[in-house]
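S.K.: File follows, upload.pdb with PDB, C-alpha atoms, pLDDT in the B column:
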```
ATOM      1  CA  MET A   9       0.000   0.000   0.000  1.00 73.00           C
ATOM      2  CA  ALA A  10       2.873   2.379   0.780  1.00 74.00           C
ATOM      3  CA  ILE A  11       4.250   1.906  -2.747  1.00 75.00           C
ATOM      4  CA  LEU A  12       0.844   2.726  -4.266  1.00 84.00           C
ATOM      5  CA  LYS A  13       0.527   5.876  -2.147  1.00 83.00           C
ATOM      6  CA  SER A  14       4.094   6.817  -3.013  1.00 79.00           C
ATOM      7  CA  GLY A  15       3.480   6.250  -6.724  1.00 79.00           C
ATOM      8  CA  PHE A  16       0.319   8.359  -6.684  1.00 87.00           C
ATOM      9  CA  LEU A  17       2.143  11.209  -4.930  1.00 86.00           C
ATOM     10  CA  PHE A  18       4.988  11.016  -7.447  1.00 82.00           C
ATOM     11  CA  VAL A  19       2.527  11.246 -10.345  1.00 85.00           C
ATOM     12  CA  LEU A  20       0.967  14.329  -8.749  1.00 90.00           C
ATOM     13  CA  ALA A  21       4.416  15.775  -8.136  1.00 86.00           C
ATOM     14  CA  CYS A  22       5.285  15.224 -11.806  1.00 86.00           C
ATOM     15  CA  LEU A  23       2.174  17.029 -12.938  1.00 89.00           C
ATOM     16  CA  PHE A  24       2.680  19.919 -10.522  1.00 93.00           C
ATOM     17  CA  GLU A  25       6.425  20.372 -11.084  1.00 89.00           C
ATOM     18  CA  ILE A  26       6.563  19.870 -14.824  1.00 89.00           C
ATOM     19  CA  GLY A  27       3.212  21.548 -15.446  1.00 93.00           C
ATOM     20  CA  GLY A  28       4.145  24.507 -13.270  1.00 96.00           C
ATOM     21  CA  GLY A  29       7.531  24.877 -14.911  1.00 94.00           C
ATOM     22  CA  TYR A  30       5.953  24.597 -18.349  1.00 93.00           C
ATOM     23  CA  LEU A  31       3.409  27.321 -17.578  1.00 96.00           C
ATOM     24  CA  MET A  32       6.169  29.602 -16.278  1.00 97.00           C
ATOM     25  CA  TRP A  33       8.196  28.825 -19.429  1.00 95.00           C
ATOM     26  CA  GLN A  34       5.237  29.739 -21.626  1.00 96.00           C
ATOM     27  CA  TRP A  35       4.699  33.005 -19.763  1.00 98.00           C
ATOM     28  CA  LEU A  36       8.334  34.129 -19.634  1.00 97.00           C
ATOM     29  CA  ARG A  37       9.695  32.744 -22.905  1.00 96.00           C
ATOM     30  CA  HIS A  38       6.653  32.933 -25.165  1.00 96.00           C
ATOM     31  CA  GLY A  39       4.807  35.988 -23.864  1.00 96.00           C
ATOM     32  CA  LYS A  40       1.739  34.129 -22.642  1.00 97.00           C
ATOM     33  CA  PRO A  41      -0.561  35.886 -20.153  1.00 98.00           C
ATOM     34  CA  PHE A  42       0.648  36.719 -16.638  1.00 98.00           C
ATOM     35  CA  ALA A  43      -2.161  34.522 -15.265  1.00 98.00           C
ATOM     36  CA  MET A  44      -0.444  31.541 -16.854  1.00 97.00           C
ATOM     37  CA  GLY A  45       2.715  32.373 -14.921  1.00 97.00           C
ATOM     38  CA  CYS A  46       0.707  32.716 -11.707  1.00 98.00           C
ATOM     39  CA  ALA A  47      -0.927  29.337 -12.272  1.00 98.00           C
ATOM     40  CA  GLY A  48       2.535  27.879 -12.829  1.00 98.00           C
ATOM     41  CA  ALA A  49       3.748  29.418  -9.573  1.00 98.00           C
ATOM     42  CA  VAL A  50       0.820  27.895  -7.652  1.00 98.00           C
ATOM     43  CA  LEU A  51       1.562  24.458  -9.101  1.00 97.00           C
ATOM     44  CA  LEU A  52       5.232  24.788  -8.150  1.00 96.00           C
ATOM     45  CA  VAL A  53       4.304  25.673  -4.568  1.00 96.00           C
ATOM     46  CA  LEU A  54       1.976  22.664  -4.391  1.00 95.00           C
ATOM     47  CA  TYR A  55       4.800  20.543  -5.752  1.00 91.00           C
ATOM     48  CA  GLY A  56       6.982  21.733  -2.880  1.00 89.00           C
ATOM     49  CA  VAL A  57       4.389  20.552  -0.354  1.00 90.00           C
ATOM     50  CA  LEU A  58       3.802  17.058  -1.783  1.00 86.00           C
ATOM     51  CA  PRO A  59       7.037  15.346  -0.656  1.00 80.00           C
ATOM     52  CA  ASN A  60       5.925  15.795   2.945  1.00 82.00           C
ATOM     53  CA  PHE A  61       3.252  13.161   2.381  1.00 85.00           C
ATOM     54  CA  GLN A  62       5.608  10.521   0.993  1.00 79.00           C
ATOM     55  CA  PRO A  63       5.853   7.358   3.125  1.00 76.00           C
ATOM     56  CA  SER A  64       9.655   7.648   3.232  1.00 69.00           C
ATOM     57  CA  ALA A  65      10.895  10.048   5.867  1.00 68.00           C
ATOM     58  CA  LEU A  66      14.188  10.591   4.034  1.00 76.00           C
ATOM     59  CA  PHE A  67      14.111  13.786   1.997  1.00 74.00           C
ATOM     60  CA  GLY A  68      17.145  12.899  -0.118  1.00 77.00           C
ATOM     61  CA  ARG A  69      15.789   9.542  -1.214  1.00 79.00           C
ATOM     62  CA  VAL A  70      12.387  10.963  -2.076  1.00 75.00           C
ATOM     63  CA  TYR A  71      13.937  13.647  -4.258  1.00 76.00           C
ATOM     64  CA  ALA A  72      16.483  11.254  -5.775  1.00 78.00           C
ATOM     65  CA  ALA A  73      13.633   8.995  -6.882  1.00 76.00           C
ATOM     66  CA  ALA A  74      11.566  11.915  -8.146  1.00 74.00           C
ATOM     67  CA  TYR A  75      14.279  13.685 -10.120  1.00 74.00           C
ATOM     68  CA  GLY A  76      16.345  10.632 -10.943  1.00 77.00           C
ATOM     69  CA  GLY A  77      13.486   8.629 -12.347  1.00 83.00           C
ATOM     70  CA  LEU A  78       9.944   9.789 -12.616  1.00 83.00           C
ATOM     71  CA  PHE A  79      10.577  13.367 -13.643  1.00 84.00           C
ATOM     72  CA  ILE A  80      12.878  12.240 -16.432  1.00 89.00           C
ATOM     73  CA  VAL A  81      10.157  10.003 -17.847  1.00 89.00           C
ATOM     74  CA  ALA A  82       7.443  12.589 -17.262  1.00 87.00           C
ATOM     75  CA  SER A  83       9.510  15.300 -18.956  1.00 89.00           C
ATOM     76  CA  LEU A  84       9.974  13.156 -22.039  1.00 93.00           C
ATOM     77  CA  LEU A  85       6.248  12.347 -22.130  1.00 93.00           C
ATOM     78  CA  TRP A  86       5.322  16.013 -21.588  1.00 89.00           C
ATOM     79  CA  ASP A  87       7.614  17.067 -24.440  1.00 92.00           C
ATOM     80  CA  TRP A  88       5.995  14.449 -26.665  1.00 95.00           C
ATOM     81  CA  LYS A  89       2.431  15.405 -25.769  1.00 94.00           C
ATOM     82  CA  PHE A  90       2.734  19.189 -25.791  1.00 90.00           C
ATOM     83  CA  ASP A  91       5.629  19.909 -28.164  1.00 88.00           C
ATOM     84  CA  GLY A  92       5.457  16.872 -30.458  1.00 93.00           C
ATOM     85  CA  ASN A  93       9.017  15.648 -29.787  1.00 95.00           C
ATOM     86  CA  ILE A  94       8.794  11.859 -29.869  1.00 97.00           C
ATOM     87  CA  PRO A  95      11.252  10.125 -27.505  1.00 96.00           C
ATOM     88  CA  ASP A  96      13.786   8.109 -29.499  1.00 97.00           C
ATOM     89  CA  LYS A  97      15.318   4.769 -28.532  1.00 97.00           C
ATOM     90  CA  ALA A  98      18.084   6.357 -26.451  1.00 97.00           C
ATOM     91  CA  ASP A  99      15.472   8.409 -24.554  1.00 96.00           C
ATOM     92  CA  ARG A 100      13.395   5.307 -23.833  1.00 96.00           C
ATOM     93  CA  VAL A 101      16.304   3.098 -22.758  1.00 96.00           C
ATOM     94  CA  GLY A 102      17.834   5.849 -20.651  1.00 95.00           C
ATOM     95  CA  ALA A 103      14.495   6.539 -18.973  1.00 94.00           C
ATOM     96  CA  LEU A 104      14.104   2.856 -18.081  1.00 94.00           C
ATOM     97  CA  PHE A 105      17.538   2.838 -16.450  1.00 93.00           C
ATOM     98  CA  CYS A 106      16.637   5.960 -14.501  1.00 91.00           C
ATOM     99  CA  LEU A 107      13.376   4.415 -13.273  1.00 89.00           C
ATOM    100  CA  ALA A 108      15.170   1.270 -12.196  1.00 91.00           C
ATOM    101  CA  GLY A 109      17.755   3.286 -10.289  1.00 90.00           C
ATOM    102  CA  ALA A 110      15.122   5.435  -8.623  1.00 86.00           C
ATOM    103  CA  GLY A 111      13.206   2.332  -7.556  1.00 84.00           C
ATOM    104  CA  ILE A 112      16.323   0.822  -6.035  1.00 87.00           C
ATOM    105  CA  ILE A 113      17.136   4.013  -4.121  1.00 84.00           C
ATOM    106  CA  LEU A 114      13.632   4.410  -2.736  1.00 79.00           C
ATOM    107  CA  TYR A 115      12.389   0.866  -2.194  1.00 81.00           C
ATOM    108  CA  TRP A 116      15.492  -1.293  -1.583  1.00 85.00           C
ATOM    109  CA  PRO A 117      15.038  -3.187   1.714  1.00 86.00           C
ATOM    110  CA  ARG A 118      17.303  -1.739   4.379  1.00 82.00           C
ATOM    111  CA  LYS A 119      18.032  -2.721   7.941  1.00 80.00           C
TER
END
```
In structure tokens, what does this structure look like?

M.R.:
Amino acid sequence: MAILKSGFLFVLACLFEIGGGYLMWQWLRHGKPFAMGCAGAVLLVLYGVLPNFQPSALFGRVYAAAYGGLFIVASLLWDWKFDGNIPDKADRVGALFCLAGAGIILYWPRK
């Protein structure tokens, strides 16, 4: 159950962090409305709150798993969905290695 909760929180974190950053990018780099930047800022703040609900009490491991695995995959998928850049074989293989490493860091049985 802890892994399911953790996975759900990581998916939310991906949406908040990448979505918030993307909205800020659109506002600052592409001249989109200020409200888009504000919405991005709100998502980024929510992203900052989410790790506190992760089952693991170790900040470093939670962020290592998030940035070292899930956010890499989510960024590639976001780029594909919103900017039309299809991940190539190297992207896919590299992302799988990152996910495996993140899983080991976060879920490896320890004493």

S.K.: List as a count of residues only the protein and nucleic acid residues near stretch 58-62 of chain A, meaning an atom at most 12 Å away when all atoms listed in the file are counted, but skip any in the same chain fewer than 2 places from it.

M.R.: 35

S.K.: If you measure from atom CA of A:Pro95 to atom CA of A:Trp33, what distance in Å do you get, rounded to one decimal?

M.R.: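 Taking atom CA of A:Pro95 as the start and atom CA of A:Trp33 as the end point, the length is 20.6 Å.
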
S.K.: Contacts of stretch 80-92 of chain A at 8 Å or less, counting all atoms listed in the file, minus same-chain residues fewer than 5 places along, as a list in words?

M.R.: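 After dropping sequence-adjacent residues, the list is Cys22, Ile26, Tyr75, Asp99, Ala103, Cys106 and Leu107 of chain A.
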
S.K.: In Å, rounded to a single decimal, give me how far atom CA of A:Ala110 is from atom CA of A:Ala47.

M.R.: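 It comes out at 29.0 Å.
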
S.K.: Would you compute the distance between atom CA of A:Arg37 and atom CA of A:Lys97? Give it in Å to one decimal.

M.R.: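 Rounded to one decimal, the two atoms are 29.1 Å apart.
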
S.K.: Just give me the residues with any atom within 8 Å of (2.7, 30.1, -19.6), file coordinates, counting only C-alpha atoms, written as a VMD selection string.

M.R.: chain A and resid 30 to 36 38 to 45 48

S.K.: Can you spit out the residues from that selection as an mmCIF file, in the coordinates of the input, using C-alpha atoms?

M.R.:
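Final output, again.cif:
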```cif
data_model
loop_
_atom_site.group_PDB
_atom_site.id
_atom_site.type_symbol
_atom_site.label_atom_id
_atom_site.label_comp_id
_atom_site.auth_asym_id
_atom_site.auth_seq_id
_atom_site.Cartn_x
_atom_site.Cartn_y
_atom_site.Cartn_z
ATOM 1 C CA TYR A 30 5.953 24.597 -18.349
ATOM 2 C CA LEU A 31 3.409 27.321 -17.578
ATOM 3 C CA MET A 32 6.169 29.602 -16.278
ATOM 4 C CA TRP A 33 8.196 28.825 -19.429
ATOM 5 C CA GLN A 34 5.237 29.739 -21.626
ATOM 6 C CA TRP A 35 4.699 33.005 -19.763
ATOM 7 C CA LEU A 36 8.334 34.129 -19.634
ATOM 8 C CA HIS A 38 6.653 32.933 -25.165
ATOM 9 C CA GLY A 39 4.807 35.988 -23.864
ATOM 10 C CA LYS A 40 1.739 34.129 -22.642
ATOM 11 C CA PRO A 41 -0.561 35.886 -20.153
ATOM 12 C CA PHE A 42 0.648 36.719 -16.638
ATOM 13 C CA ALA A 43 -2.161 34.522 -15.265
ATOM 14 C CA MET A 44 -0.444 31.541 -16.854
ATOM 15 C CA GLY A 45 2.715 32.373 -14.921
ATOM 16 C CA GLY A 48 2.535 27.879 -12.829
#
```

S.K.: Env of A:Phe105: 12 Å cut, atoms = only C-alpha atoms, seq-sep filter 3 positions within chain, self excluded. Answer as a tab-separated table (two decimals) with C-alpha atoms, in the frame of the given file.

M.R.:
```tsv
chain	number	residue	atom	x	y	z
A	76	GLY	CA	16.34	10.63	-10.94
A	77	GLY	CA	13.49	8.63	-12.35
A	78	LEU	CA	9.94	9.79	-12.62
A	80	ILE	CA	12.88	12.24	-16.43
A	81	VAL	CA	10.16	10.00	-17.85
A	98	ALA	CA	18.08	6.36	-26.45
A	99	ASP	CA	15.47	8.41	-24.55
A	100	ARG	CA	13.40	5.31	-23.83
A	101	VAL	CA	16.30	3.10	-22.76
A	102	GLY	CA	17.83	5.85	-20.65
A	108	ALA	CA	15.17	1.27	-12.20
A	109	GLY	CA	17.76	3.29	-10.29
A	110	ALA	CA	15.12	5.44	-8.62
A	111	GLY	CA	13.21	2.33	-7.56
A	112	ILE	CA	16.32	0.82	-6.04
```

S.K.: What are the centre and the three edge lengths of an axis-aligned box that wraps all atoms of stretch 83-97 of chain A in the file, given that 6 Å is added to every side, written as JSON and rounded to one decimal in Å?

M.R.:
```
{"center_x": 8.9, "center_y": 12.3, "center_z": -24.7, "size_x": 24.9, "size_y": 27.1, "size_z": 23.5}
```

S.K.: Take stretch 75-95 of chain A, model N, CA and C atoms, and hand the result over as a JSON list (two decimals), in the frame of the given file.

M.R.:
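This went into result-v1.json:
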```json
[["chain", "number", "residue", "atom", "x", "y", "z"],
["A", 75, "TYR", "N", 13.50, 13.08, -9.05],
["A", 75, "TYR", "CA", 14.28, 13.68, -10.12],
["A", 75, "TYR", "C", 15.07, 12.67, -10.92],
["A", 76, "GLY", "N", 15.52, 11.61, -10.27],
["A", 76, "GLY", "CA", 16.34, 10.63, -10.94],
["A", 76, "GLY", "C", 15.56, 9.63, -11.75],
["A", 77, "GLY", "N", 14.27, 9.62, -11.64],
["A", 77, "GLY", "CA", 13.49, 8.63, -12.35],
["A", 77, "GLY", "C", 12.22, 9.19, -12.96],
["A", 78, "LEU", "N", 11.27, 9.43, -12.12],
["A", 78, "LEU", "CA", 9.94, 9.79, -12.62],
["A", 78, "LEU", "C", 9.91, 11.09, -13.39],
["A", 79, "PHE", "N", 10.64, 12.09, -12.94],
["A", 79, "PHE", "CA", 10.58, 13.37, -13.64],
["A", 79, "PHE", "C", 11.26, 13.29, -15.01],
["A", 80, "ILE", "N", 12.23, 12.43, -15.13],
["A", 80, "ILE", "CA", 12.88, 12.24, -16.43],
["A", 80, "ILE", "C", 11.86, 11.67, -17.42],
["A", 81, "VAL", "N", 11.17, 10.62, -16.99],
["A", 81, "VAL", "CA", 10.16, 10.00, -17.85],
["A", 81, "VAL", "C", 9.03, 10.98, -18.13],
["A", 82, "ALA", "N", 8.55, 11.64, -17.09],
["A", 82, "ALA", "CA", 7.44, 12.59, -17.26],
["A", 82, "ALA", "C", 7.84, 13.75, -18.18],
["A", 83, "SER", "N", 9.06, 14.21, -18.08],
["A", 83, "SER", "CA", 9.51, 15.30, -18.96],
["A", 83, "SER", "C", 9.52, 14.87, -20.42],
["A", 84, "LEU", "N", 9.98, 13.66, -20.67],
["A", 84, "LEU", "CA", 9.97, 13.16, -22.04],
["A", 84, "LEU", "C", 8.55, 13.01, -22.56],
["A", 85, "LEU", "N", 7.65, 12.50, -21.72],
["A", 85, "LEU", "CA", 6.25, 12.35, -22.13],
["A", 85, "LEU", "C", 5.58, 13.71, -22.34],
["A", 86, "TRP", "N", 5.88, 14.66, -21.47],
["A", 86, "TRP", "CA", 5.32, 16.01, -21.59],
["A", 86, "TRP", "C", 5.77, 16.64, -22.91],
["A", 87, "ASP", "N", 7.06, 16.51, -23.21],
["A", 87, "ASP", "CA", 7.61, 17.07, -24.44],
["A", 87, "ASP", "C", 6.95, 16.44, -25.66],
["A", 88, "TRP", "N", 6.67, 15.16, -25.58],
["A", 88, "TRP", "CA", 6.00, 14.45, -26.66],
["A", 88, "TRP", "C", 4.57, 14.96, -26.83],
["A", 89, "LYS", "N", 3.85, 15.02, -25.73],
["A", 89, "LYS", "CA", 2.43, 15.40, -25.77],
["A", 89, "LYS", "C", 2.24, 16.86, -26.19],
["A", 90, "PHE", "N", 3.00, 17.77, -25.59],
["A", 90, "PHE", "CA", 2.73, 19.19, -25.79],
["A", 90, "PHE", "C", 3.59, 19.85, -26.87],
["A", 91, "ASP", "N", 4.76, 19.30, -27.16],
["A", 91, "ASP", "CA", 5.63, 19.91, -28.16],
["A", 91, "ASP", "C", 5.90, 19.00, -29.35],
["A", 92, "GLY", "N", 5.36, 17.78, -29.32],
["A", 92, "GLY", "CA", 5.46, 16.87, -30.46],
["A", 92, "GLY", "C", 6.82, 16.22, -30.68],
["A", 93, "ASN", "N", 7.69, 16.27, -29.67],
["A", 93, "ASN", "CA", 9.02, 15.65, -29.79],
["A", 93, "ASN", "C", 8.96, 14.21, -29.28],
["A", 94, "ILE", "N", 8.94, 13.28, -30.20],
["A", 94, "ILE", "CA", 8.79, 11.86, -29.87],
["A", 94, "ILE", "C", 10.11, 11.33, -29.28],
["A", 95, "PRO", "N", 10.04, 10.70, -28.09],
["A", 95, "PRO", "CA", 11.25, 10.12, -27.50],
["A", 95, "PRO", "C", 11.83, 9.05, -28.42]]
```
